[in-house]
Amino acid sequence: MTPLARGGAVGAALVAAMVVPLATPSPYALSIVTLTLLYGYLALSWNIIGGIGGQLSLGHAAYFGIGGYASTLLFVQFGVSPWFGMFAGAALAALAAALIGYPCFRLRGAYFALATLAAAMILKIAVENSHGLLGGPRGLEVTLLRDAPLQFQHTRKEFYYAVVVVMLTIALSINYLLLRSRLGFHLVAIRNDQDAALALGIDITRSKLAAAMLSAALTAAGGTFYAQFVMFISPDKVLSANLSVQIAVMCIVGGRGTVFGPLLGALLLLPAEEIARRALGGIVGADMMLYGLLLMIVMRREPRGVQRILRDLWNRTGAPRSVNAG
Amino acid sequence: MSALLEVRRLAKQFGGLSAVEDVSFAVETGEIVGLIGPNGAGKTTLFEMASGFQRPTRGEIWFDGTRIDRLSTPAICARGLARTFQIVRPFGDMTVLDNVIVGAFMRAPSPKMARAHAATILAQVHLAGRCDQVARTLTLADRKRLEMAKALATGPKLVLLDEVMAGLTRVETDEIMEIVRALPRAGVTILMVEHNMHAVMGLSDRVIVIHHGRKIGEGSPAQIAENPAVVAAYLGGRDDADA
């Protein structure tokens with residue numbers, strides 16, 4: 001099979017898979033599927049800076065929260081449709097990414113991760129203390145209008161499912177195109193070896209900034225979607241460190257730096273978390289323990305993630321190995 | 001005729017330690033110039049300064065009519081001065097072709113043209129058969145070729161080669177020498193640090209000798225081999241001599 005034919009087959013299978021959930025009779029199940037795909041979307045957004053660019057960000061909840069709060073505040077206070085608020089949030093998150101990234105990009109490895117984690121924590125504490133404007137720890141409610149698709153809300157879950165599928169498709173396309181672009185090549189080079197990348201004329205800071213801003217903007221759009229889907233946001237839901245870790249772990253477990261790996265990570269981890277939550281009866285922190293455990297297992301077995309394990313299986317069974325690949 | 005690269009009274013100190021002291025030399029377009037000297041003589045420090053990885057303490061570096069010793073590494077690369085690393089630095093996750101495409105994006109306006117240019121460069125270093133191989137899995141000799149290919153892909157006027165023959169067999173060395181010898185005809189001038197005397201003497205139009213951070217000799221390979229100061233410091237110096 002040529003890579004193109006294989007890509008086509010994977011694409012067709014994905015489209016088919018996306019229609020199936022609509023046949024489910026239970027709104028609860030469709031909600032779970034929608035949230036899973038939202039996480040897939042977030043993992044793909046994180047992938048741009050964290051996977052392709054190799055900069056381990058543990059602060060993406062900040063951008064998610066900025067997106068949710070920006071659109072909700074604009075809607076509740078000024079009646080601006082969250083569809084527009086989504087873009088305002090994305091722009092604001094991109095700006096925040098530049099402000100956080102510029103001083104932090106000189107830090108490498110764990111220090112960069114810690115700096116992003118700290119930046120997100122500062123934002124969370126600031127929001128928790130802004131009782132007047134942002135509702136403090138209790139958060140903000142989105143004004144209920146029932147069936148108003150132009151105001152980004154609807155009583156039917158299918159509406160949100162359709163929106164998240166479109167967003168996911170956009171995120172997949174951006175990752176696919178990025179990996180084939182000049183910026184994508186530069187980011188992969190930076191991930192591999194910064195000094196060697198520098199020697200080939202790559203402006204490291206500019207490449208990282210571009211990736212971080214794009215990643216943040218997409219993440220913020222996810223935050224707006226979440227606010228409209230749940231109709232309520234609060235700092236502990238949209239700005240928590242747990243969320244930042246979840247997004248990163250999904251991408252890493254699935255396969256960082258690849259197009260389908262991050263989605264695969266979400267498809268595996270979110271249902272696993274849901275099952276574990278029921279089995280363990282709501283022990284606080286059980287979901288984070290599960291994430292840690294799965295992360296350890298996958299990293300020990302194959303650091304390139306589950307997508308690599310599946311691809312190796314596919315190559316072994318599906319097609320004869322190429323003669324000059326070895 | 002003004003030189004392509006000109007180093008004027010260059011000095012570099014690390015704290016109290018003087019790595020390079022008052023070194024001046026020039027490289028003309030189309031030359032292959034060898035830079036030799038015992039370990040720790042300051043050769044790699046010179047390369048680090050010329051490629052923008054280190055700032056000189058004193059002195060100036062001019063390339064192609066502009067002063068470059070205050071410029072960033074990417075800016076220097078964009079002006080047409082590329083380098084390789086003594087310890088090769090392939091982008092391990094990427095295929096050989098993708099490694100070279102990264103360099104080719106320096107001049108290529110589109111991914112398609114970058115790919116085409118990279119393929120041409122890989123043929124030039126006899127690595128075309130390994131395009132789809134992941135760089136991490138290459139042999140040392142092929143990594144050295146890849147290192148050269150990445151630098152050449154940026155479209156340089158001058159390439160600084162840092163020990164591209166170290167650790168190779170005689171046959172592998174001869175193959176790389178053939179590649180290097182062909183470069184001036186393709187418009188690429190060469191300044192190379194090399195310990196392999198067979199390669200330096202066989203390839204260089206001119207040899208510059210550095211010892212304890214100072215230039216102690218300069219001339220044709222034949223002149224250098226007979227220069228008493230050079231012989232004492234380096235070639236014949238006790239058990240210092242390689243190759």
# chains A, B, ... in the order shown; residues from 1 in each chain; ligands from 1
call {"tool": "residues_around", "arguments": {"residues": "Pro303 (chain A)", "least_positions_apart": "6", "cutoff": "10 Å", "atoms": "only C-alpha atoms", "output": "PyMOL selection string"}}
result
chain A and resi 252-256+295-297+309
call {"tool": "write_last_selection", "arguments": {"atoms": "all heavy atoms", "output": "mmCIF file, in the first residue's frame"}}
result
data_model
loop_
_atom_site.group_PDB
_atom_site.id
_atom_site.type_symbol
_atom_site.label_atom_id
_atom_site.label_comp_id
_atom_site.auth_asym_id
_atom_site.auth_seq_id
_atom_site.Cartn_x
_atom_site.Cartn_y
_atom_site.Cartn_z
ATOM 1 N N ILE A 252 1.327 12.379 24.461
ATOM 2 C CA ILE A 252 2.565 11.598 24.572
ATOM 3 C C ILE A 252 2.264 10.098 24.467
ATOM 4 O O ILE A 252 2.954 9.358 23.765
ATOM 5 C CB ILE A 252 3.291 11.920 25.895
ATOM 6 C CG1 ILE A 252 3.782 13.375 25.877
ATOM 7 C CG2 ILE A 252 4.462 10.977 26.118
ATOM 8 C CD1 ILE A 252 4.234 13.890 27.226
ATOM 9 N N VAL A 253 1.203 9.650 25.164
ATOM 10 C CA VAL A 253 0.844 8.226 25.112
ATOM 11 C C VAL A 253 0.465 7.828 23.692
ATOM 12 O O VAL A 253 0.858 6.779 23.185
ATOM 13 C CB VAL A 253 -0.305 7.917 26.103
ATOM 14 C CG1 VAL A 253 -0.940 6.563 25.804
ATOM 15 C CG2 VAL A 253 0.213 7.936 27.532
ATOM 16 N N GLY A 254 -0.288 8.682 23.022
ATOM 17 C CA GLY A 254 -0.723 8.352 21.660
ATOM 18 C C GLY A 254 0.422 8.382 20.673
ATOM 19 O O GLY A 254 0.510 7.545 19.780
ATOM 20 N N GLY A 255 1.321 9.341 20.823
ATOM 21 C CA GLY A 255 2.451 9.451 19.902
ATOM 22 C C GLY A 255 2.700 10.906 19.557
ATOM 23 O O GLY A 255 2.107 11.425 18.610
ATOM 24 N N ARG A 256 3.605 11.549 20.301
ATOM 25 C CA ARG A 256 3.851 12.976 20.078
ATOM 26 C C ARG A 256 4.544 13.204 18.748
ATOM 27 O O ARG A 256 5.325 12.388 18.281
ATOM 28 C CB ARG A 256 4.669 13.553 21.239
ATOM 29 C CG ARG A 256 6.009 12.900 21.433
ATOM 30 C CD ARG A 256 6.545 13.164 22.818
ATOM 31 N NE ARG A 256 6.826 14.587 23.016
ATOM 32 C CZ ARG A 256 7.690 15.062 23.907
ATOM 33 N NH1 ARG A 256 8.360 14.244 24.677
ATOM 34 N NH2 ARG A 256 7.898 16.340 24.037
ATOM 35 N N LEU A 295 1.095 6.124 31.341
ATOM 36 C CA LEU A 295 2.250 6.825 30.786
ATOM 37 C C LEU A 295 3.518 5.995 30.978
ATOM 38 O O LEU A 295 4.316 5.816 30.058
ATOM 39 C CB LEU A 295 2.401 8.189 31.453
ATOM 40 C CG LEU A 295 3.486 9.114 30.895
ATOM 41 C CD1 LEU A 295 3.189 9.475 29.455
ATOM 42 C CD2 LEU A 295 3.628 10.366 31.729
ATOM 43 N N MET A 296 3.670 5.430 32.190
ATOM 44 C CA MET A 296 4.864 4.618 32.470
ATOM 45 C C MET A 296 4.911 3.381 31.578
ATOM 46 O O MET A 296 5.955 3.035 31.028
ATOM 47 C CB MET A 296 4.878 4.207 33.945
ATOM 48 C CG MET A 296 5.310 5.330 34.867
ATOM 49 S SD MET A 296 5.703 4.744 36.515
ATOM 50 C CE MET A 296 4.106 4.383 37.173
ATOM 51 N N ILE A 297 3.759 2.713 31.456
ATOM 52 C CA ILE A 297 3.732 1.480 30.661
ATOM 53 C C ILE A 297 4.099 1.773 29.212
ATOM 54 O O ILE A 297 4.967 1.116 28.622
ATOM 55 C CB ILE A 297 2.334 0.816 30.728
ATOM 56 C CG1 ILE A 297 2.062 0.303 32.147
ATOM 57 C CG2 ILE A 297 2.234 -0.331 29.720
ATOM 58 C CD1 ILE A 297 0.632 -0.145 32.376
ATOM 59 N N ILE A 309 3.264 1.492 18.071
ATOM 60 C CA ILE A 309 3.005 0.068 18.314
ATOM 61 C C ILE A 309 2.024 -0.449 17.271
ATOM 62 O O ILE A 309 2.239 -1.500 16.660
ATOM 63 C CB ILE A 309 2.449 -0.134 19.743
ATOM 64 C CG1 ILE A 309 3.489 0.313 20.782
ATOM 65 C CG2 ILE A 309 2.062 -1.601 19.969
ATOM 66 C CD1 ILE A 309 2.968 0.336 22.217
#
call {"tool": "interface_residues", "arguments": {"of": "chain B", "to": "chain A", "cutoff": "10 Å", "atoms": "only C-alpha atoms", "output": "ChimeraX atom specification"}}
result
/B:51-53,72-85,88-94,98-106,108-112,114,129-134,137,147,150-154
call {"tool": "write_last_selection", "arguments": {"atoms": "N, CA and C atoms", "output": "short mmCIF file (atom, residue, chain, number, x, y, z; two decimals), in the first residue's frame"}}
result
data_model
loop_
_atom_site.label_atom_id
_atom_site.label_comp_id
_atom_site.auth_asym_id
_atom_site.auth_seq_id
_atom_site.Cartn_x
_atom_site.Cartn_y
_atom_site.Cartn_z
N SER B 51 31.15 30.97 13.08
CA SER B 51 29.76 30.58 12.81
C SER B 51 28.78 31.22 13.78
N GLY B 52 29.27 32.11 14.64
CA GLY B 52 28.36 32.86 15.50
C GLY B 52 27.95 32.18 16.78
N PHE B 53 28.57 31.03 17.10
CA PHE B 53 28.22 30.36 18.36
C PHE B 53 28.95 30.98 19.55
N SER B 72 24.11 36.81 14.57
CA SER B 72 23.65 35.53 15.10
C SER B 72 23.99 34.41 14.12
N THR B 73 23.99 33.18 14.63
CA THR B 73 24.28 32.03 13.78
C THR B 73 23.36 31.94 12.56
N PRO B 74 22.03 32.07 12.74
CA PRO B 74 21.17 31.99 11.55
C PRO B 74 21.47 33.10 10.54
N ALA B 75 21.81 34.29 11.02
CA ALA B 75 22.10 35.39 10.10
C ALA B 75 23.37 35.10 9.31
N ILE B 76 24.35 34.50 9.96
CA ILE B 76 25.60 34.15 9.27
C ILE B 76 25.34 33.07 8.23
N CYS B 77 24.52 32.08 8.61
CA CYS B 77 24.17 31.01 7.68
C CYS B 77 23.44 31.58 6.46
N ALA B 78 22.56 32.55 6.70
CA ALA B 78 21.80 33.16 5.60
C ALA B 78 22.72 33.90 4.64
N ARG B 79 23.86 34.42 5.15
CA ARG B 79 24.81 35.11 4.28
C ARG B 79 25.68 34.15 3.48
N GLY B 80 25.60 32.85 3.80
CA GLY B 80 26.33 31.88 2.99
C GLY B 80 27.55 31.27 3.64
N LEU B 81 27.56 31.26 4.99
CA LEU B 81 28.66 30.58 5.69
C LEU B 81 28.05 29.47 6.54
N ALA B 82 28.34 28.21 6.19
CA ALA B 82 27.76 27.08 6.92
C ALA B 82 28.87 26.28 7.58
N ARG B 83 28.50 25.47 8.55
CA ARG B 83 29.52 24.69 9.26
C ARG B 83 29.00 23.27 9.52
N THR B 84 29.95 22.37 9.78
CA THR B 84 29.59 21.05 10.30
C THR B 84 30.10 20.97 11.73
N PHE B 85 29.64 19.97 12.45
CA PHE B 85 30.09 19.79 13.83
C PHE B 85 31.06 18.62 13.93
N VAL B 88 29.22 14.71 15.12
CA VAL B 88 28.12 14.90 14.17
C VAL B 88 26.78 15.02 14.90
N ARG B 89 25.91 15.85 14.35
CA ARG B 89 24.62 16.11 14.98
C ARG B 89 23.48 15.90 14.00
N PRO B 90 23.20 14.64 13.66
CA PRO B 90 22.04 14.40 12.79
C PRO B 90 20.76 14.64 13.59
N PHE B 91 19.67 14.99 12.89
CA PHE B 91 18.36 15.02 13.54
C PHE B 91 17.87 13.58 13.55
N GLY B 92 18.13 12.88 14.68
CA GLY B 92 17.99 11.43 14.75
C GLY B 92 16.64 10.86 14.38
N ASP B 93 15.56 11.59 14.73
CA ASP B 93 14.20 11.10 14.44
C ASP B 93 13.85 11.15 12.97
N MET B 94 14.56 11.99 12.22
CA MET B 94 14.15 12.26 10.84
C MET B 94 14.88 11.35 9.87
N ASP B 98 14.89 14.09 4.97
CA ASP B 98 14.27 15.16 5.77
C ASP B 98 15.33 16.01 6.47
N ASN B 99 16.40 15.38 6.97
CA ASN B 99 17.51 16.11 7.57
C ASN B 99 18.04 17.17 6.61
N VAL B 100 18.22 16.77 5.35
CA VAL B 100 18.81 17.68 4.37
C VAL B 100 17.79 18.72 3.92
N ILE B 101 16.50 18.34 3.91
CA ILE B 101 15.45 19.30 3.56
C ILE B 101 15.46 20.47 4.54
N VAL B 102 15.71 20.18 5.82
CA VAL B 102 15.77 21.26 6.83
C VAL B 102 16.77 22.32 6.38
N GLY B 103 17.94 21.88 5.92
CA GLY B 103 18.95 22.83 5.44
C GLY B 103 18.50 23.51 4.15
N ALA B 104 17.87 22.73 3.27
CA ALA B 104 17.48 23.26 1.96
C ALA B 104 16.45 24.37 2.07
N PHE B 105 15.66 24.38 3.16
CA PHE B 105 14.65 25.43 3.36
C PHE B 105 15.30 26.81 3.54
N MET B 106 16.61 26.83 3.77
CA MET B 106 17.31 28.11 3.86
C MET B 106 17.08 28.94 2.60
N ALA B 108 15.22 27.44 -0.41
CA ALA B 108 14.10 26.98 -1.23
C ALA B 108 12.80 27.65 -0.79
N PRO B 109 12.05 28.21 -1.73
CA PRO B 109 10.81 28.89 -1.36
C PRO B 109 9.64 27.94 -1.07
N SER B 110 9.69 26.70 -1.55
CA SER B 110 8.56 25.80 -1.32
C SER B 110 9.08 24.43 -0.87
N PRO B 111 8.24 23.66 -0.17
CA PRO B 111 8.65 22.31 0.25
C PRO B 111 9.08 21.45 -0.93
N LYS B 112 8.38 21.60 -2.05
CA LYS B 112 8.70 20.79 -3.22
C LYS B 112 10.13 21.08 -3.70
N ALA B 114 12.53 22.45 -1.92
CA ALA B 114 13.47 22.04 -0.88
C ALA B 114 13.79 20.55 -1.03
N GLY B 129 21.16 6.68 -1.89
CA GLY B 129 20.54 5.39 -1.61
C GLY B 129 19.97 5.27 -0.20
N ARG B 130 20.28 6.23 0.64
CA ARG B 130 19.85 6.14 2.04
C ARG B 130 18.77 7.17 2.40
N CYS B 131 18.15 7.76 1.40
CA CYS B 131 17.15 8.83 1.62
C CYS B 131 16.13 8.54 2.71
N ASP B 132 15.57 7.33 2.70
CA ASP B 132 14.44 7.03 3.59
C ASP B 132 14.87 6.42 4.90
N GLN B 133 16.18 6.27 5.09
CA GLN B 133 16.65 5.68 6.34
C GLN B 133 16.60 6.72 7.46
N VAL B 134 16.21 6.26 8.66
CA VAL B 134 16.19 7.17 9.81
C VAL B 134 17.63 7.48 10.19
N THR B 137 20.14 5.62 12.57
CA THR B 137 20.64 4.28 12.30
C THR B 137 21.82 4.27 11.31
N GLU B 147 26.24 15.03 7.64
CA GLU B 147 26.63 16.30 8.27
C GLU B 147 27.04 17.31 7.19
N LYS B 150 23.88 18.38 5.06
CA LYS B 150 23.02 19.38 5.71
C LYS B 150 23.59 20.78 5.52
N ALA B 151 24.92 20.91 5.73
CA ALA B 151 25.56 22.22 5.58
C ALA B 151 25.49 22.69 4.13
N LEU B 152 25.77 21.77 3.19
CA LEU B 152 25.77 22.14 1.78
C LEU B 152 24.38 22.52 1.29
N ALA B 153 23.35 21.93 1.90
CA ALA B 153 21.98 22.21 1.47
C ALA B 153 21.56 23.65 1.73
N THR B 154 22.25 24.33 2.67
CA THR B 154 21.88 25.72 2.96
C THR B 154 22.37 26.68 1.88
#
call {"tool": "residues_around", "arguments": {"residues": "Arg138 (chain A)", "least_positions_apart": "3", "cutoff": "10 Å", "atoms": "only C-alpha atoms", "output": "PDB file with all heavy atoms, in the first residue's frame"}}
result
ATOM      1  N   GLU A 128      -9.262  33.115  40.415  1.00  0.00           N
ATOM      2  CA  GLU A 128      -9.972  32.751  41.651  1.00  0.00           C
ATOM      3  C   GLU A 128     -10.191  33.964  42.549  1.00  0.00           C
ATOM      4  O   GLU A 128     -11.110  33.995  43.357  1.00  0.00           O
ATOM      5  CB  GLU A 128      -9.186  31.679  42.417  1.00  0.00           C
ATOM      6  CG  GLU A 128      -9.420  30.281  41.862  1.00  0.00           C
ATOM      7  CD  GLU A 128      -8.502  29.239  42.476  1.00  0.00           C
ATOM      8  OE1 GLU A 128      -7.517  29.609  43.143  1.00  0.00           O
ATOM      9  OE2 GLU A 128      -8.765  28.054  42.273  1.00  0.00           O
ATOM     10  N   HIS A 131     -13.314  38.255  42.066  1.00  0.00           N
ATOM     11  CA  HIS A 131     -14.715  37.921  42.357  1.00  0.00           C
ATOM     12  C   HIS A 131     -15.690  38.725  41.512  1.00  0.00           C
ATOM     13  O   HIS A 131     -16.693  38.210  41.050  1.00  0.00           O
ATOM     14  CB  HIS A 131     -14.999  38.155  43.854  1.00  0.00           C
ATOM     15  CG  HIS A 131     -14.231  37.220  44.717  1.00  0.00           C
ATOM     16  ND1 HIS A 131     -14.697  35.970  45.042  1.00  0.00           N
ATOM     17  CD2 HIS A 131     -13.016  37.340  45.290  1.00  0.00           C
ATOM     18  CE1 HIS A 131     -13.788  35.362  45.792  1.00  0.00           C
ATOM     19  NE2 HIS A 131     -12.761  36.167  45.947  1.00  0.00           N
ATOM     20  N   LEU A 134     -14.907  38.000  37.065  1.00  0.00           N
ATOM     21  CA  LEU A 134     -14.871  36.627  36.567  1.00  0.00           C
ATOM     22  C   LEU A 134     -15.550  35.627  37.507  1.00  0.00           C
ATOM     23  O   LEU A 134     -15.506  34.421  37.285  1.00  0.00           O
ATOM     24  CB  LEU A 134     -13.417  36.190  36.318  1.00  0.00           C
ATOM     25  CG  LEU A 134     -12.656  37.054  35.305  1.00  0.00           C
ATOM     26  CD1 LEU A 134     -11.199  36.645  35.230  1.00  0.00           C
ATOM     27  CD2 LEU A 134     -13.292  36.947  33.926  1.00  0.00           C
ATOM     28  N   GLY A 135     -16.173  36.119  38.578  1.00  0.00           N
ATOM     29  CA  GLY A 135     -16.935  35.225  39.454  1.00  0.00           C
ATOM     30  C   GLY A 135     -16.089  34.441  40.443  1.00  0.00           C
ATOM     31  O   GLY A 135     -16.619  33.553  41.117  1.00  0.00           O
ATOM     32  N   GLU A 141     -21.606  31.449  34.616  1.00  0.00           N
ATOM     33  CA  GLU A 141     -22.593  30.659  33.886  1.00  0.00           C
ATOM     34  C   GLU A 141     -22.856  31.313  32.542  1.00  0.00           C
ATOM     35  O   GLU A 141     -22.926  32.528  32.443  1.00  0.00           O
ATOM     36  CB  GLU A 141     -23.902  30.608  34.669  1.00  0.00           C
ATOM     37  CG  GLU A 141     -24.019  29.405  35.576  1.00  0.00           C
ATOM     38  CD  GLU A 141     -25.350  29.388  36.304  1.00  0.00           C
ATOM     39  OE1 GLU A 141     -26.384  29.450  35.641  1.00  0.00           O
ATOM     40  OE2 GLU A 141     -25.307  29.351  37.550  1.00  0.00           O
ATOM     41  N   PHE A 232     -21.096  26.386  31.652  1.00  0.00           N
ATOM     42  CA  PHE A 232     -20.600  26.859  32.947  1.00  0.00           C
ATOM     43  C   PHE A 232     -19.094  26.651  32.989  1.00  0.00           C
ATOM     44  O   PHE A 232     -18.603  25.606  32.562  1.00  0.00           O
ATOM     45  CB  PHE A 232     -21.287  26.046  34.050  1.00  0.00           C
ATOM     46  CG  PHE A 232     -20.637  26.188  35.396  1.00  0.00           C
ATOM     47  CD1 PHE A 232     -20.794  27.354  36.134  1.00  0.00           C
ATOM     48  CD2 PHE A 232     -19.866  25.151  35.935  1.00  0.00           C
ATOM     49  CE1 PHE A 232     -20.187  27.487  37.370  1.00  0.00           C
ATOM     50  CE2 PHE A 232     -19.263  25.281  37.166  1.00  0.00           C
ATOM     51  CZ  PHE A 232     -19.435  26.453  37.895  1.00  0.00           C
ATOM     52  N   ILE A 233     -18.362  27.662  33.477  1.00  0.00           N
ATOM     53  CA  ILE A 233     -16.920  27.455  33.660  1.00  0.00           C
ATOM     54  C   ILE A 233     -16.491  27.957  35.029  1.00  0.00           C
ATOM     55  O   ILE A 233     -17.038  28.919  35.554  1.00  0.00           O
ATOM     56  CB  ILE A 233     -16.044  28.149  32.581  1.00  0.00           C
ATOM     57  CG1 ILE A 233     -16.464  29.618  32.418  1.00  0.00           C
ATOM     58  CG2 ILE A 233     -16.079  27.420  31.267  1.00  0.00           C
ATOM     59  CD1 ILE A 233     -15.483  30.398  31.577  1.00  0.00           C
ATOM     60  N   SER A 234     -15.507  27.266  35.592  1.00  0.00           N
ATOM     61  CA  SER A 234     -14.922  27.698  36.858  1.00  0.00           C
ATOM     62  C   SER A 234     -13.435  27.369  36.828  1.00  0.00           C
ATOM     63  O   SER A 234     -13.010  26.495  36.070  1.00  0.00           O
ATOM     64  CB  SER A 234     -15.606  26.968  38.017  1.00  0.00           C
ATOM     65  OG  SER A 234     -15.397  25.583  37.888  1.00  0.00           O
ATOM     66  N   PRO A 235     -12.647  28.087  37.636  1.00  0.00           N
ATOM     67  CA  PRO A 235     -11.185  27.901  37.576  1.00  0.00           C
ATOM     68  C   PRO A 235     -10.756  26.449  37.777  1.00  0.00           C
ATOM     69  O   PRO A 235      -9.841  25.975  37.107  1.00  0.00           O
ATOM     70  CB  PRO A 235     -10.663  28.785  38.707  1.00  0.00           C
ATOM     71  CG  PRO A 235     -11.731  29.778  38.954  1.00  0.00           C
ATOM     72  CD  PRO A 235     -13.035  29.115  38.612  1.00  0.00           C
ATOM     73  N   ASP A 236     -11.427  25.723  38.700  1.00  0.00           N
ATOM     74  CA  ASP A 236     -10.961  24.356  38.961  1.00  0.00           C
ATOM     75  C   ASP A 236     -11.272  23.411  37.801  1.00  0.00           C
ATOM     76  O   ASP A 236     -10.674  22.348  37.681  1.00  0.00           O
ATOM     77  CB  ASP A 236     -11.536  23.816  40.278  1.00  0.00           C
ATOM     78  CG  ASP A 236     -13.045  23.693  40.230  1.00  0.00           C
ATOM     79  OD1 ASP A 236     -13.689  24.595  39.651  1.00  0.00           O
ATOM     80  OD2 ASP A 236     -13.580  22.701  40.749  1.00  0.00           O
TER      81      ASP A 236
END
call {"tool": "residues_around", "arguments": {"residues": "Pro82 (chain A)", "least_positions_apart": "6", "cutoff": "8 Å", "atoms": "only C-alpha atoms", "output": "list in words"}}
result
Ser71, Thr72, Leu74, Phe75, Gln151, Phe152, Thr224 and Gln228 of chain A
call {"tool": "residues_around", "arguments": {"residues": "Gly59 (chain B)", "least_positions_apart": "2", "cutoff": "7 Å", "atoms": "only C-alpha atoms", "output": "number ranges by chain"}}
result
B: 8-11, 56
call {"tool": "select_by_dssp", "arguments": {"residues": "region 166-312 of chain A", "states": "alpha helix (DSSP H)", "output": "ChimeraX atom specification"}}
result
/A:166-179,182-192,194-199,204-230,235-238,241-255,261-280,286-301,306-312
call {"tool": "closest_residue", "arguments": {"among": "B:Ile32, B:Leu140, B:Ala135, B:Met201", "to": "Gly187 (chain B)", "atoms": "only C-alpha atoms"}}
result
B:Ile32
call {"tool": "select_by_dssp", "arguments": {"residues": "region 57-229 of chain B", "states": "strand (DSSP E or B)", "output": "PyMOL selection string"}}
result
chain B and resi 58-63+66-67+81-83+95+134+158-162+189-193+206-211+214-219
